[in-house]
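Chemist: If it helps, the file is called entry.csv and holds CSV, C-alpha atoms and all ligand atoms:
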```csv
chain,number,residue,atom,x,y,z
A,1,MET,CA,69.4,53.1,21.7
A,2,SER,CA,72.3,51.0,20.8
A,3,LYS,CA,71.2,49.0,17.7
A,4,THR,CA,72.7,45.9,19.3
A,5,ASP,CA,70.7,46.3,22.5
A,6,ASP,CA,69.0,42.8,22.7
A,7,ASP,CA,67.1,43.8,25.8
A,8,VAL,CA,64.9,46.2,23.8
A,9,ILE,CA,62.2,44.7,21.7
A,10,LEU,CA,60.8,48.0,20.4
A,11,HIS,CA,62.6,51.2,19.9
A,12,VAL,CA,60.4,54.1,18.9
A,13,ASP,CA,62.3,57.1,17.6
A,14,ASP,CA,60.5,60.5,17.0
A,15,LEU,CA,57.3,58.8,15.7
A,16,LYS,CA,54.8,61.1,14.0
A,17,LYS,CA,51.4,60.4,12.7
A,18,HIS,CA,49.5,63.3,11.0
A,19,PHE,CA,46.1,63.0,9.5
A,20,LYS,CA,45.0,65.2,6.6
A,21,VAL,CA,41.8,67.0,7.5
A,22,ASP,CA,39.0,66.1,5.2
A,23,GLU,CA,37.5,69.5,4.4
A,24,GLY,CA,35.4,68.3,1.5
A,25,TRP,CA,35.8,68.5,-2.3
A,26,ILE,CA,35.2,72.2,-2.6
A,27,ALA,CA,38.0,73.1,-0.2
A,28,SER,CA,40.3,70.5,-2.0
A,29,LEU,CA,39.5,72.1,-5.3
A,30,LEU,CA,40.2,75.6,-3.9
A,31,GLN,CA,43.5,74.4,-2.5
A,32,SER,CA,44.5,73.0,-5.8
A,33,VAL,CA,43.8,76.3,-7.4
A,34,THR,CA,45.3,78.6,-4.8
A,35,GLY,CA,48.2,76.3,-3.9
A,36,ASP,CA,47.4,76.5,-0.2
A,37,ASP,CA,48.6,73.6,2.0
A,38,PRO,CA,45.9,71.3,3.4
A,39,ASP,CA,45.5,71.1,7.2
A,40,TYR,CA,46.8,68.2,9.3
A,41,VAL,CA,45.8,66.9,12.7
A,42,HIS,CA,49.1,66.3,14.6
A,43,ALA,CA,47.8,63.2,16.4
A,44,VAL,CA,51.3,61.9,17.3
A,45,ASP,CA,54.0,64.5,17.0
A,46,GLY,CA,57.5,63.2,17.9
A,47,VAL,CA,57.2,60.3,20.4
A,48,SER,CA,60.2,58.3,21.5
A,49,PHE,CA,60.6,55.4,23.9
A,50,ASP,CA,62.0,51.9,24.3
A,51,LEU,CA,60.0,48.8,25.2
A,52,LYS,CA,62.1,46.1,26.9
A,53,ARG,CA,61.5,42.4,26.7
A,54,GLY,CA,59.0,41.3,29.3
A,55,GLU,CA,58.3,45.0,30.3
A,56,THR,CA,54.9,46.6,30.7
A,57,LEU,CA,54.6,50.2,29.6
A,58,GLY,CA,51.5,52.4,30.2
A,59,LEU,CA,50.6,55.2,27.9
A,60,ALA,CA,48.3,57.6,29.7
A,61,GLY,CA,46.6,60.9,29.0
A,62,GLU,CA,43.3,62.5,28.3
A,63,SER,CA,41.1,61.5,25.4
A,64,GLY,CA,42.6,62.8,22.1
A,65,CYS,CA,46.2,63.0,23.4
A,66,GLY,CA,47.4,60.5,20.7
A,67,LYS,CA,47.9,57.4,22.8
A,68,THR,CA,45.6,55.2,20.7
A,69,THR,CA,47.2,56.4,17.5
A,70,THR,CA,50.6,55.7,18.9
A,71,GLY,CA,49.5,52.2,19.9
A,72,MET,CA,48.0,51.5,16.4
A,73,SER,CA,51.2,52.8,14.8
A,74,LEU,CA,53.3,50.3,16.9
A,75,VAL,CA,51.5,47.3,15.4
A,76,LYS,CA,51.4,48.9,11.9
A,77,LEU,CA,47.7,49.6,11.8
A,78,HIS,CA,48.8,53.1,10.9
A,79,GLU,CA,51.8,53.9,8.8
A,80,PRO,CA,53.9,56.6,10.5
A,81,THR,CA,54.1,60.0,8.8
A,82,ASP,CA,57.7,60.3,10.0
A,83,GLY,CA,60.1,58.7,12.5
A,84,ASP,CA,61.2,55.2,13.0
A,85,ILE,CA,60.1,52.0,14.8
A,86,HIS,CA,62.8,49.4,15.3
A,87,TYR,CA,61.7,45.9,16.1
A,88,ASN,CA,64.5,43.6,17.4
A,89,ASN,CA,67.0,46.1,16.2
A,90,LYS,CA,65.5,46.2,12.7
A,91,ARG,CA,64.1,49.4,11.3
A,92,LEU,CA,60.6,48.5,10.1
A,93,SER,CA,60.7,51.1,7.2
A,94,GLU,CA,63.6,49.1,5.8
A,95,ALA,CA,62.2,45.6,6.5
A,96,SER,CA,61.5,43.1,3.7
A,97,ASP,CA,58.1,41.7,3.1
A,98,GLU,CA,59.1,38.5,4.9
A,99,GLU,CA,60.3,40.5,7.9
A,100,ILE,CA,57.1,42.5,8.0
A,101,LYS,CA,55.1,39.3,7.9
A,102,GLU,CA,57.1,38.0,10.9
A,103,PHE,CA,56.6,41.3,12.7
A,104,ARG,CA,52.8,41.1,12.1
A,105,GLN,CA,52.8,37.7,13.6
A,106,ASN,CA,54.6,38.9,16.7
A,107,ALA,CA,52.8,42.2,17.2
A,108,GLN,CA,49.2,41.9,18.3
A,109,MET,CA,46.5,44.3,19.6
A,110,ILE,CA,43.6,44.0,22.0
A,111,PHE,CA,41.0,46.6,21.4
A,112,GLN,CA,38.8,48.5,23.8
A,113,ASP,CA,35.4,47.2,22.5
A,114,PRO,CA,35.4,43.5,22.0
A,115,PHE,CA,31.9,43.7,20.4
A,116,GLU,CA,33.2,45.9,17.6
A,117,SER,CA,36.6,44.1,17.3
A,118,LEU,CA,35.1,40.6,16.8
A,119,ASN,CA,33.3,39.8,13.5
A,120,PRO,CA,29.7,39.1,14.5
A,121,ARG,CA,29.3,36.6,11.6
A,122,MET,CA,32.2,34.4,12.7
A,123,THR,CA,32.1,31.7,15.3
A,124,VAL,CA,34.5,31.9,18.3
A,125,TYR,CA,36.6,29.1,16.7
A,126,ASP,CA,37.0,30.9,13.4
A,127,ILE,CA,37.7,34.2,15.1
A,128,VAL,CA,40.6,32.7,17.0
A,129,ALA,CA,41.8,30.5,14.1
A,130,GLU,CA,41.8,33.3,11.5
A,131,PRO,CA,45.3,34.6,12.3
A,132,LEU,CA,46.7,31.0,12.1
A,133,ARG,CA,45.2,30.7,8.6
A,134,VAL,CA,46.6,34.1,7.5
A,135,HIS,CA,50.1,33.0,8.6
A,136,ASP,CA,49.7,29.5,7.4
A,137,ILE,CA,50.3,27.9,10.7
A,138,ARG,CA,49.4,24.2,11.4
A,139,ASN,CA,47.9,22.5,14.4
A,140,GLU,CA,45.0,24.8,14.2
A,141,THR,CA,42.5,23.1,16.5
A,142,ALA,CA,45.1,22.4,19.2
A,143,ARG,CA,46.3,26.0,19.2
A,144,VAL,CA,42.8,27.4,19.2
A,145,GLN,CA,41.9,25.1,22.1
A,146,ARG,CA,45.0,26.1,24.1
A,147,ALA,CA,44.4,29.8,23.5
A,148,LEU,CA,40.8,29.6,24.6
A,149,GLU,CA,41.6,27.6,27.7
A,150,PHE,CA,44.4,30.0,28.6
A,151,ALA,CA,41.7,32.7,28.4
A,152,GLU,CA,39.7,30.6,30.9
A,153,LEU,CA,37.0,29.7,28.4
A,154,MET,CA,36.6,26.1,29.3
A,155,PRO,CA,35.9,23.6,28.1
A,156,ALA,CA,37.1,25.3,24.8
A,157,GLU,CA,34.9,23.1,22.6
A,158,HIS,CA,31.8,24.5,24.3
A,159,TYR,CA,32.6,27.9,22.8
A,160,PHE,CA,33.8,26.8,19.3
A,161,ASP,CA,30.4,27.2,17.6
A,162,GLN,CA,29.2,30.2,19.6
A,163,TYR,CA,28.9,33.7,18.1
A,164,PRO,CA,30.0,36.9,19.8
A,165,HIS,CA,26.4,38.0,20.5
A,166,GLU,CA,25.9,34.8,22.6
A,167,LEU,CA,28.7,35.8,24.9
A,168,SER,CA,28.9,38.2,27.9
A,169,GLY,CA,31.2,41.3,27.6
A,170,GLY,CA,33.9,39.6,29.7
A,171,GLN,CA,33.8,36.4,27.6
A,172,ARG,CA,34.1,38.5,24.4
A,173,GLN,CA,37.1,40.2,25.7
A,174,ARG,CA,38.6,36.8,26.6
A,175,VAL,CA,38.0,35.6,23.0
A,176,ALA,CA,39.9,38.8,21.9
A,177,ILE,CA,42.7,37.9,24.2
A,178,ALA,CA,42.8,34.3,23.0
A,179,ARG,CA,42.9,35.6,19.4
A,180,ALA,CA,45.8,37.9,20.2
A,181,LEU,CA,47.7,35.0,21.9
A,182,VAL,CA,47.1,32.3,19.4
A,183,LEU,CA,50.2,33.3,17.3
A,184,ASP,CA,52.5,33.3,20.4
A,185,PRO,CA,53.4,37.0,19.9
A,186,ASP,CA,56.4,38.9,21.3
A,187,PHE,CA,54.4,42.0,22.3
A,188,ILE,CA,50.9,43.2,22.6
A,189,VAL,CA,49.2,46.6,22.6
A,190,ALA,CA,46.1,46.6,24.9
A,191,ASP,CA,44.0,49.7,24.3
A,192,GLU,CA,41.7,50.3,27.3
A,193,PRO,CA,41.2,46.6,27.6
A,194,VAL,CA,38.6,46.7,30.4
A,195,SER,CA,37.0,50.1,30.0
A,196,MET,CA,33.9,48.7,28.2
A,197,LEU,CA,33.4,46.0,30.8
A,198,ASP,CA,31.1,45.9,33.7
A,199,VAL,CA,33.0,46.7,37.0
A,200,SER,CA,32.3,43.2,38.2
A,201,LEU,CA,34.1,41.6,35.2
A,202,ARG,CA,37.1,43.9,35.2
A,203,ALA,CA,39.1,42.2,37.9
A,204,GLY,CA,38.9,38.8,36.2
A,205,VAL,CA,40.1,40.1,32.8
A,206,LEU,CA,42.9,42.2,34.5
A,207,SER,CA,44.2,39.1,36.3
A,208,LEU,CA,44.1,37.2,33.0
A,209,LEU,CA,46.1,40.0,31.4
A,210,ASP,CA,48.6,39.9,34.3
A,211,ARG,CA,48.9,36.1,33.9
A,212,MET,CA,49.4,36.5,30.1
A,213,THR,CA,52.3,38.9,30.7
A,214,GLU,CA,53.9,36.6,33.3
A,215,GLU,CA,53.5,33.2,31.6
A,216,PHE,CA,54.2,34.3,28.0
A,217,GLY,CA,57.0,36.7,29.0
A,218,LEU,CA,55.3,39.2,26.8
A,219,SER,CA,56.1,42.9,26.5
A,220,VAL,CA,52.9,44.9,26.7
A,221,VAL,CA,51.9,48.5,26.0
A,222,TYR,CA,48.8,49.3,28.0
A,223,ILE,CA,46.8,52.4,26.8
A,224,SER,CA,44.4,53.9,29.3
A,225,HIS,CA,43.3,57.1,30.9
A,226,ASP,CA,42.9,55.2,34.1
A,227,LEU,CA,46.1,55.8,36.2
A,228,SER,CA,44.9,53.4,39.0
A,229,LEU,CA,44.8,50.6,36.4
A,230,LEU,CA,48.1,51.5,34.9
A,231,ARG,CA,49.7,51.7,38.3
A,232,HIS,CA,48.6,48.1,38.9
A,233,MET,CA,49.6,46.7,35.5
A,234,CYS,CA,52.8,48.6,34.4
A,235,ASP,CA,56.5,48.8,35.1
A,236,ARG,CA,56.8,52.2,33.5
A,237,LEU,CA,54.5,55.0,32.5
A,238,ALA,CA,54.6,57.6,29.7
A,239,ILE,CA,52.2,60.5,30.0
A,240,MET,CA,51.0,62.1,26.7
A,241,TYR,CA,49.6,65.5,26.0
A,242,MET,CA,48.7,66.8,22.5
A,243,GLY,CA,50.7,64.1,20.6
A,244,LYS,CA,53.8,64.3,22.8
A,245,ILE,CA,55.2,62.5,25.8
A,246,VAL,CA,55.5,65.0,28.6
A,247,GLU,CA,56.9,62.7,31.3
A,248,LYS,CA,58.0,59.1,31.5
A,249,GLY,CA,59.7,56.9,34.1
A,250,PRO,CA,59.2,54.0,36.5
A,251,THR,CA,55.5,53.8,37.5
A,252,ASP,CA,55.8,54.2,41.2
A,253,GLN,CA,58.1,57.2,40.8
A,254,ILE,CA,55.7,58.9,38.4
A,255,ILE,CA,52.6,58.2,40.6
A,256,GLU,CA,54.3,59.1,43.9
A,257,ASN,CA,56.5,62.0,42.7
A,258,PRO,CA,55.0,63.5,39.5
A,259,GLN,CA,57.0,66.5,38.3
A,260,HIS,CA,55.3,67.8,35.1
A,261,PRO,CA,52.4,70.1,35.9
A,262,TYR,CA,50.1,68.1,33.6
A,263,THR,CA,51.1,64.8,35.3
A,264,GLN,CA,50.4,66.4,38.6
A,265,ALA,CA,47.0,67.5,37.5
A,266,LEU,CA,46.1,64.0,36.2
A,267,ILE,CA,47.2,62.3,39.4
A,268,ASN,CA,45.5,64.9,41.4
A,269,ALA,CA,42.2,64.0,39.7
A,270,VAL,CA,42.4,60.3,40.8
A,271,PRO,CA,40.2,59.9,43.9
A,272,VAL,CA,42.0,58.7,47.0
A,273,PRO,CA,39.9,56.6,49.4
A,274,ASP,CA,41.7,57.8,52.5
A,275,PRO,CA,40.4,61.2,53.7
A,276,ASP,CA,43.6,61.7,55.7
A,277,VAL,CA,45.7,61.7,52.6
A,278,GLY,CA,46.2,65.2,51.4
A,279,ARG,CA,47.5,66.4,48.0
A,280,GLU,CA,48.8,69.6,46.6
A,281,ARG,CA,45.9,70.8,44.4
A,282,VAL,CA,46.9,71.4,40.8
A,283,GLU,CA,43.9,72.7,38.9
A,284,LEU,CA,43.8,72.6,35.1
A,285,GLN,CA,42.5,75.6,33.4
A,286,GLY,CA,41.1,76.0,29.8
A,287,GLU,CA,40.7,73.5,27.1
A,288,VAL,CA,43.2,71.1,25.2
A,289,GLY,CA,44.9,73.2,22.5
A,290,ASP,CA,44.5,73.0,18.8
A,291,VAL,CA,46.1,69.9,17.3
A,292,ILE,CA,45.8,71.4,13.7
A,293,ASP,CA,47.3,74.8,14.3
A,294,VAL,CA,49.7,73.6,16.9
A,295,PRO,CA,50.8,76.3,19.4
A,296,THR,CA,54.4,77.4,19.6
A,297,GLY,CA,56.5,76.5,22.6
A,298,CYS,CA,55.0,74.2,25.2
A,299,ARG,CA,51.7,72.8,24.2
A,300,PHE,CA,50.5,72.8,27.7
A,301,LYS,CA,51.1,76.5,28.3
A,302,ASP,CA,47.5,77.7,28.1
A,303,ARG,CA,46.4,75.4,30.9
A,304,CYS,CA,49.6,75.3,33.0
A,305,PRO,CA,49.3,76.6,36.5
A,306,LYS,CA,53.1,77.0,36.7
A,307,TYR,CA,53.6,78.9,33.4
A,308,ILE,CA,56.9,80.9,33.5
A,309,GLY,CA,56.6,83.3,30.5
A,310,ASP,CA,58.4,83.7,27.2
A,311,VAL,CA,60.4,80.5,27.4
A,312,CYS,CA,57.1,78.5,27.7
A,313,ASP,CA,55.6,80.5,24.9
A,314,GLN,CA,58.5,80.1,22.4
A,315,VAL,CA,60.6,77.1,23.1
A,316,VAL,CA,59.4,73.5,22.8
A,317,PRO,CA,60.5,71.8,26.1
A,318,PRO,CA,62.5,68.6,25.1
A,319,LEU,CA,61.7,65.3,26.9
A,320,GLU,CA,64.9,64.8,28.9
A,321,ALA,CA,66.5,63.8,32.2
A,322,LYS,CA,66.6,66.6,34.7
A,323,SER,CA,69.4,67.2,37.2
A,324,ASP,CA,67.1,67.6,40.2
A,325,THR,CA,64.5,64.8,39.7
A,326,GLY,CA,64.4,61.0,40.0
A,327,ALA,CA,66.7,58.7,38.1
A,328,ASP,CA,65.3,57.4,34.9
A,329,GLN,CA,62.5,60.0,34.9
A,330,ASP,CA,62.3,62.2,31.8
A,331,ILE,CA,60.3,65.4,31.8
A,332,ALA,CA,59.4,68.0,29.1
A,333,CYS,CA,59.2,71.2,31.1
A,334,HIS,CA,61.3,74.3,31.5
A,335,LEU,CA,60.8,74.4,35.3
A,336,PHE,CA,63.6,71.9,35.7
A,337,GLU,CA,67.3,72.1,34.9
A,338,SER,CA,68.5,69.8,32.1
A,339,ALA,CA,70.9,67.0,33.2
A,340,GLU,CA,72.6,67.4,29.8
A,341,GLY,CA,73.2,71.1,30.2
A,342,TYR,CA,70.5,72.2,27.6
A,343,ASP,CA,69.6,75.8,28.1
A,344,PRO,CA,66.2,76.8,26.6
A,345,TYR,CA,66.9,80.5,27.3
A,346,ALA,CA,69.7,80.4,24.9
A,347,GLU,CA,67.1,79.6,22.2
A,348,LEU,CA,65.1,82.6,23.3
A,349,ASP,CA,68.1,84.9,23.2
A,350,GLY,CA,69.4,83.5,20.0
A,351,GLY,CA,66.1,83.7,18.3
A,352,ARG,CA,66.3,80.0,17.3
A,353,ALA,CA,62.8,79.2,18.3
A,354,GLU,CA,62.5,76.3,15.8
A,355,ASN,CA,59.1,75.5,17.1
A,356,ALA,CA,57.7,78.8,15.8
A,357,THR,CA,57.9,77.5,12.3
A,358,ALA,CA,58.1,73.7,12.6
A,359,ALA,CA,55.1,73.2,14.7
A,360,ASN,CA,52.7,75.2,12.6
A,361,ASP,CA,53.3,74.6,9.0
A,362,GLY,CA,52.0,71.0,8.8
A,363,SER,CA,54.5,70.3,6.1
A,364,GLU,CA,57.4,68.9,8.1
A,365,SER,CA,56.3,65.4,7.2
A,366,ALA,CA,54.8,63.6,4.3
A,367,PRO,CA,51.0,63.8,4.2
A,368,ALA,CA,49.2,61.0,5.9
A,369,ASP,CA,47.1,58.8,3.6
A,370,ASP,CA,44.4,57.8,6.1
B,401,LIG,S1,57.2,74.4,30.0
B,401,LIG,FE1,56.1,76.1,31.0
B,401,LIG,S2,54.0,75.9,30.4
B,401,LIG,FE2,55.0,74.0,29.9
B,401,LIG,S3,54.5,72.7,31.6
B,401,LIG,FE3,56.5,73.6,32.0
B,401,LIG,S4,56.0,75.5,33.2
B,401,LIG,FE4,54.1,74.8,32.3
```
Can you turn what I pasted into structure tokens?
Ligand code: SF4
Modeler:
Amino acid sequence: MSKTDDDVILHVDDLKKHFKVDEGWIASLLQSVTGDDPDYVHAVDGVSFDLKRGETLGLAGESGCGKTTTGMSLVKLHEPTDGDIHYNNKRLSEASDEEIKEFRQNAQMIFQDPFESLNPRMTVYDIVAEPLRVHDIRNETARVQRALEFAELMPAEHYFDQYPHELSGGQRQRVAIARALVLDPDFIVADEPVSMLDVSLRAGVLSLLDRMTEEFGLSVVYISHDLSLLRHMCDRLAIMYMGKIVEKGPTDQIIENPQHPYTQALINAVPVPDPDVGRERVELQGEVGDVIDVPTGCRFKDRCPKYIGDVCDQVVPPLEAKSDTGADQDIACHLFESAEGYDPYAELDGGRAENATAANDGSESAPADD
């Protein structure tokens, strides 16, 4: 990204988040004696993308693929192990305390479970007002009222003194949305925002999220395993597998013309209500690989129905534009010819399979502290 690109609110560059495996004090003691390296879970392992102003981006993938950890890193609920996040062209790792405070005001998150994310001992008013107090912002009552009414909790005063347990699941999620909006943020990460809700309540909350994006001009990262939902909500999609993005591009293009074998399998698993619509079957075999002792080469190789041998085994497929696929669609797979002229077979011949060492040693980055 050009560092003067005003269109891009968030530029994520090779983001990594590794968690040290807690093996207990005996193992820690032994490691300190033997000098062995501790193990790390490679939850997010080199993710890059841009989020434009007013854009909605979906992060999709199976449970454990790293999408929630990515989302939490974007709003600084996790400190990255390595890589950079630029907000408004400013590298966050170099930001001053004042700039971080401003970032925290502008970056909000809506969590999956509104019952867990709302403090049960606080009233609705205090839950929504709390971020205003943290950031020392005035006109508290008017702003809380406006946020609750935007979230269609009306009249707002009726909810001020209620506690989360007195509300329905849908109302709780609306309070969480009001809390996220009360600071007038620039962007929001919404992690499975309706998955805990009853089906009958989902449509209402989704249309509220849609309206939120439209009226506030927000940029939103939606995290979900539900491709039907993401298709409805997002301009672009990024598909994650074992801590990496394997395919990204415009939503319609990814859904209608998926190229990566993993994306094809995910889309294949979405039920189609029309029995006349046929799809090429792409069956997934095996289990998700080990995110501690990360395999060499392509991380999807043990489940891939289109595996093509040594190059998949040994060379990490870079996420890049391909010459024979849709514009603006990046794919991490050796089946396609690189638009930039990258030749993975040269890595095989030259014996430069950097992945063989880098992916496995767990020491490429500073240890995570959480
Ligand atoms: S690189 Fe090889 S193993 Fe990986 S998705 Fe492509 S064909 Fe399958």
Chemist: Can you work out which one of A:Ser195, A:Thr213, A:Asn268, A:Gln259 has the shortest atom-to-atom distance to ligand LIG 401 (chain B), counting all atoms listed in the file?
Modeler: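 Using all atoms listed in the file, ligand LIG 401 (chain B) sits closest to A:Gln259.
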Chemist: Counting only C-alpha atoms and all ligand atoms, what are the residues of chain A within 8 Å of ligand LIG 401 (chain B), and for each of them which pair of atoms is the nearest and at what distance in Å, to one decimal? Sort the table by chain and rising number, as a tab-separated table.
Modeler:
```
residue	atom	partner	partner_atom	distance
A:His260	CA	B:LIG401	S3	6.1
A:Pro261	CA	B:LIG401	S3	5.4
A:Tyr262	CA	B:LIG401	S3	6.7
A:Gly297	CA	B:LIG401	S1	7.7
A:Cys298	CA	B:LIG401	FE2	4.7
A:Arg299	CA	B:LIG401	FE2	6.7
A:Phe300	CA	B:LIG401	FE2	5.2
A:Lys301	CA	B:LIG401	S2	3.6
A:Asp302	CA	B:LIG401	S2	7.1
A:Arg303	CA	B:LIG401	S2	7.6
A:Cys304	CA	B:LIG401	FE4	4.6
A:Pro305	CA	B:LIG401	FE4	6.6
A:Lys306	CA	B:LIG401	S4	4.8
A:Tyr307	CA	B:LIG401	S4	4.2
A:Ile308	CA	B:LIG401	FE1	5.5
A:Gly309	CA	B:LIG401	FE1	7.2
A:Val311	CA	B:LIG401	FE1	7.1
A:Cys312	CA	B:LIG401	FE1	4.2
A:Asp313	CA	B:LIG401	S2	7.3
A:Val316	CA	B:LIG401	S1	7.6
A:Pro317	CA	B:LIG401	S1	5.7
A:Ala332	CA	B:LIG401	S1	6.8
A:Cys333	CA	B:LIG401	FE3	3.7
A:His334	CA	B:LIG401	S1	4.4
A:Leu335	CA	B:LIG401	S4	5.4
```
Chemist: Pick out the closest residue to Thr69 of chain A from this set: A:Arg133, A:Ile331, A:Met242, A:Asp310. Count all atoms listed in the file.
Modeler: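 Ranking A:Arg133, A:Ile331, A:Met242, A:Asp310 by distance to Thr69 of chain A, first place goes to A:Met242.
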Chemist: Pull the closest atom pair for each residue of segment 30-53 of chain A that gets at most 12 Å from segment 172-193 of chain A, along with the distance in Å to one decimal, counting all atoms listed in the file, ordering rows by chain and then ascending residue number, as CSV.
Modeler:
```
residue,atom,partner,partner_atom,distance
A:Leu51,CA,A:Phe187,CA,9.3
A:Lys52,CA,A:Phe187,CA,9.9
A:Arg53,CA,A:Asp186,CA,8.2
```
Chemist: Those residues you just picked out, can you put them in a file as a PDB file, in the frame of the given file with C-alpha atoms?
Modeler:
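The new file again_30.pdb reads:
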```
ATOM      1  CA  LEU A  51      60.000  48.800  25.200  1.00  0.00           C
ATOM      2  CA  LYS A  52      62.100  46.100  26.900  1.00  0.00           C
ATOM      3  CA  ARG A  53      61.500  42.400  26.700  1.00  0.00           C
TER       4      ARG A  53
END
```
Chemist: Could you check the closest approach to Gly66 of chain A for each of A:Pro164, A:Gly46, A:Pro250, A:Pro120 and tell me which residue wins, using only C-alpha atoms?
Modeler: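 Comparing A:Pro164, A:Gly46, A:Pro250, A:Pro120 against Gly66 of chain A, the winner is A:Gly46.
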Chemist: For the atom pair atom CA of Gln105 of chain A and atom CA of Glu157 of chain A, what is the interatomic distance in Å to one decimal place?
Modeler: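 Going from atom CA of Gln105 of chain A over to atom CA of Glu157 of chain A covers 24.8 Å.
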Chemist: Could you tell me, as a short mmCIF file (atom, residue, chain, number, x, y, z; two decimals) with C-alpha atoms, keeping the file's coordinate frame, which residues have any atom at most 10 Å from (50.9, 47.4, 27.6), counting only C-alpha atoms?
Modeler:
```cif
data_model
loop_
_atom_site.label_atom_id
_atom_site.label_comp_id
_atom_site.auth_asym_id
_atom_site.auth_seq_id
_atom_site.Cartn_x
_atom_site.Cartn_y
_atom_site.Cartn_z
CA LEU A 51 60.00 48.80 25.20
CA GLU A 55 58.30 45.00 30.30
CA THR A 56 54.90 46.60 30.70
CA LEU A 57 54.60 50.20 29.60
CA GLY A 58 51.50 52.40 30.20
CA LEU A 59 50.60 55.20 27.90
CA GLY A 71 49.50 52.20 19.90
CA MET A 109 46.50 44.30 19.60
CA ILE A 110 43.60 44.00 22.00
CA PHE A 187 54.40 42.00 22.30
CA ILE A 188 50.90 43.20 22.60
CA VAL A 189 49.20 46.60 22.60
CA ALA A 190 46.10 46.60 24.90
CA ASP A 191 44.00 49.70 24.30
CA GLU A 192 41.70 50.30 27.30
CA PRO A 193 41.20 46.60 27.60
CA LEU A 209 46.10 40.00 31.40
CA THR A 213 52.30 38.90 30.70
CA LEU A 218 55.30 39.20 26.80
CA SER A 219 56.10 42.90 26.50
CA VAL A 220 52.90 44.90 26.70
CA VAL A 221 51.90 48.50 26.00
CA TYR A 222 48.80 49.30 28.00
CA ILE A 223 46.80 52.40 26.80
CA SER A 224 44.40 53.90 29.30
CA LEU A 230 48.10 51.50 34.90
CA MET A 233 49.60 46.70 35.50
CA CYS A 234 52.80 48.60 34.40
CA ASP A 235 56.50 48.80 35.10
CA ARG A 236 56.80 52.20 33.50
CA LEU A 237 54.50 55.00 32.50
#
```
Chemist: So that I can check the surroundings of Gly61 of chain A, please list as a list in words every protein, DNA and RNA residue that reaches within 9 Å of it, counting only C-alpha atoms and ignoring chain neighbours fewer than 2 positions away.
Modeler: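 Using only C-alpha atoms, the neighbours found are Leu59, Ser63, Gly64, Cys65, Gly66, Lys67, Ile223, Ser224, His225, Asp226, Leu227, Ala238, Ile239, Met240, Tyr241, Thr263 and Leu266 of chain A.
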Chemist: Give me the residues near Leu132 of chain A as a PDB file with C-alpha atoms, in the coordinates of the input, where near means some atom within 9 Å (using all atoms listed in the file) and where sequence neighbours in that chain fewer than 4 positions away do not count.
Modeler:
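Heads up, here's the output in result01.pdb:
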```pdb
ATOM      1  CA  VAL A 128      40.600  32.700  17.000  1.00  0.00           C
ATOM      2  CA  ASP A 136      49.700  29.500   7.400  1.00  0.00           C
ATOM      3  CA  ILE A 137      50.300  27.900  10.700  1.00  0.00           C
ATOM      4  CA  ARG A 138      49.400  24.200  11.400  1.00  0.00           C
ATOM      5  CA  ASN A 139      47.900  22.500  14.400  1.00  0.00           C
ATOM      6  CA  GLU A 140      45.000  24.800  14.200  1.00  0.00           C
ATOM      7  CA  ARG A 143      46.300  26.000  19.200  1.00  0.00           C
ATOM      8  CA  VAL A 144      42.800  27.400  19.200  1.00  0.00           C
ATOM      9  CA  VAL A 182      47.100  32.300  19.400  1.00  0.00           C
ATOM     10  CA  LEU A 183      50.200  33.300  17.300  1.00  0.00           C
TER      11      LEU A 183
END
```
Chemist: List every protein, DNA or RNA residue that has an atom no more than 12 Å from (60.9, 51.3, 20.0) in the file's coordinate frame, counting all atoms listed in the file, and report them as a VMD selection string.
Modeler: chain A and resid 1 to 3 5 7 to 15 47 to 53 57 70 to 71 73 to 75 83 to 92 187 219 221
Chemist: So, with all atoms listed in the file as the atoms that count, which of A:Thr34, A:Ser207, A:Gln108, A:Ser117 lies closest to Phe150 of chain A?
Modeler: A:Ser207
Chemist: Would you mind telling me which residue in A:Glu347, A:Glu102, A:Asp113, A:Asp45 lies nearest to Pro80 of chain A when using all atoms listed in the file?
Modeler: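 Result for the nearest residue to Pro80 of chain A: A:Asp45.
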Chemist: Taking all atoms listed in the file into account, which of A:Pro258, A:Gly170, A:Gly286, A:Pro344 comes nearest Asp330 of chain A?
Modeler: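 Result for the nearest residue to Asp330 of chain A: A:Pro258.
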Chemist: Expressed in Å to a single decimal, how great is the separation between atom CA of Glu320 of chain A and atom CA of Asn257 of chain A?
Modeler: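 Taking atom CA of Glu320 of chain A and atom CA of Asn257 of chain A, their separation equals 16.4 Å.
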Chemist: Give me the residues near Gly169 of chain A as a list in words, where near means some atom within 8 Å (using only C-alpha atoms) and where sequence neighbours in that chain fewer than 2 positions away do not count.
Modeler: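 My list of contacting residues is Pro114, Phe115, Leu167, Gln171, Arg172, Gln173, Met196, Leu197 and Asp198 of chain A.
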Chemist: If I take atom CA of Leu229 of chain A and atom CA of Ala203 of chain A, how far is one from the other in Å, to one decimal?
Modeler: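 We find that atom CA of Leu229 of chain A and atom CA of Ala203 of chain A lie 10.3 Å from each other.
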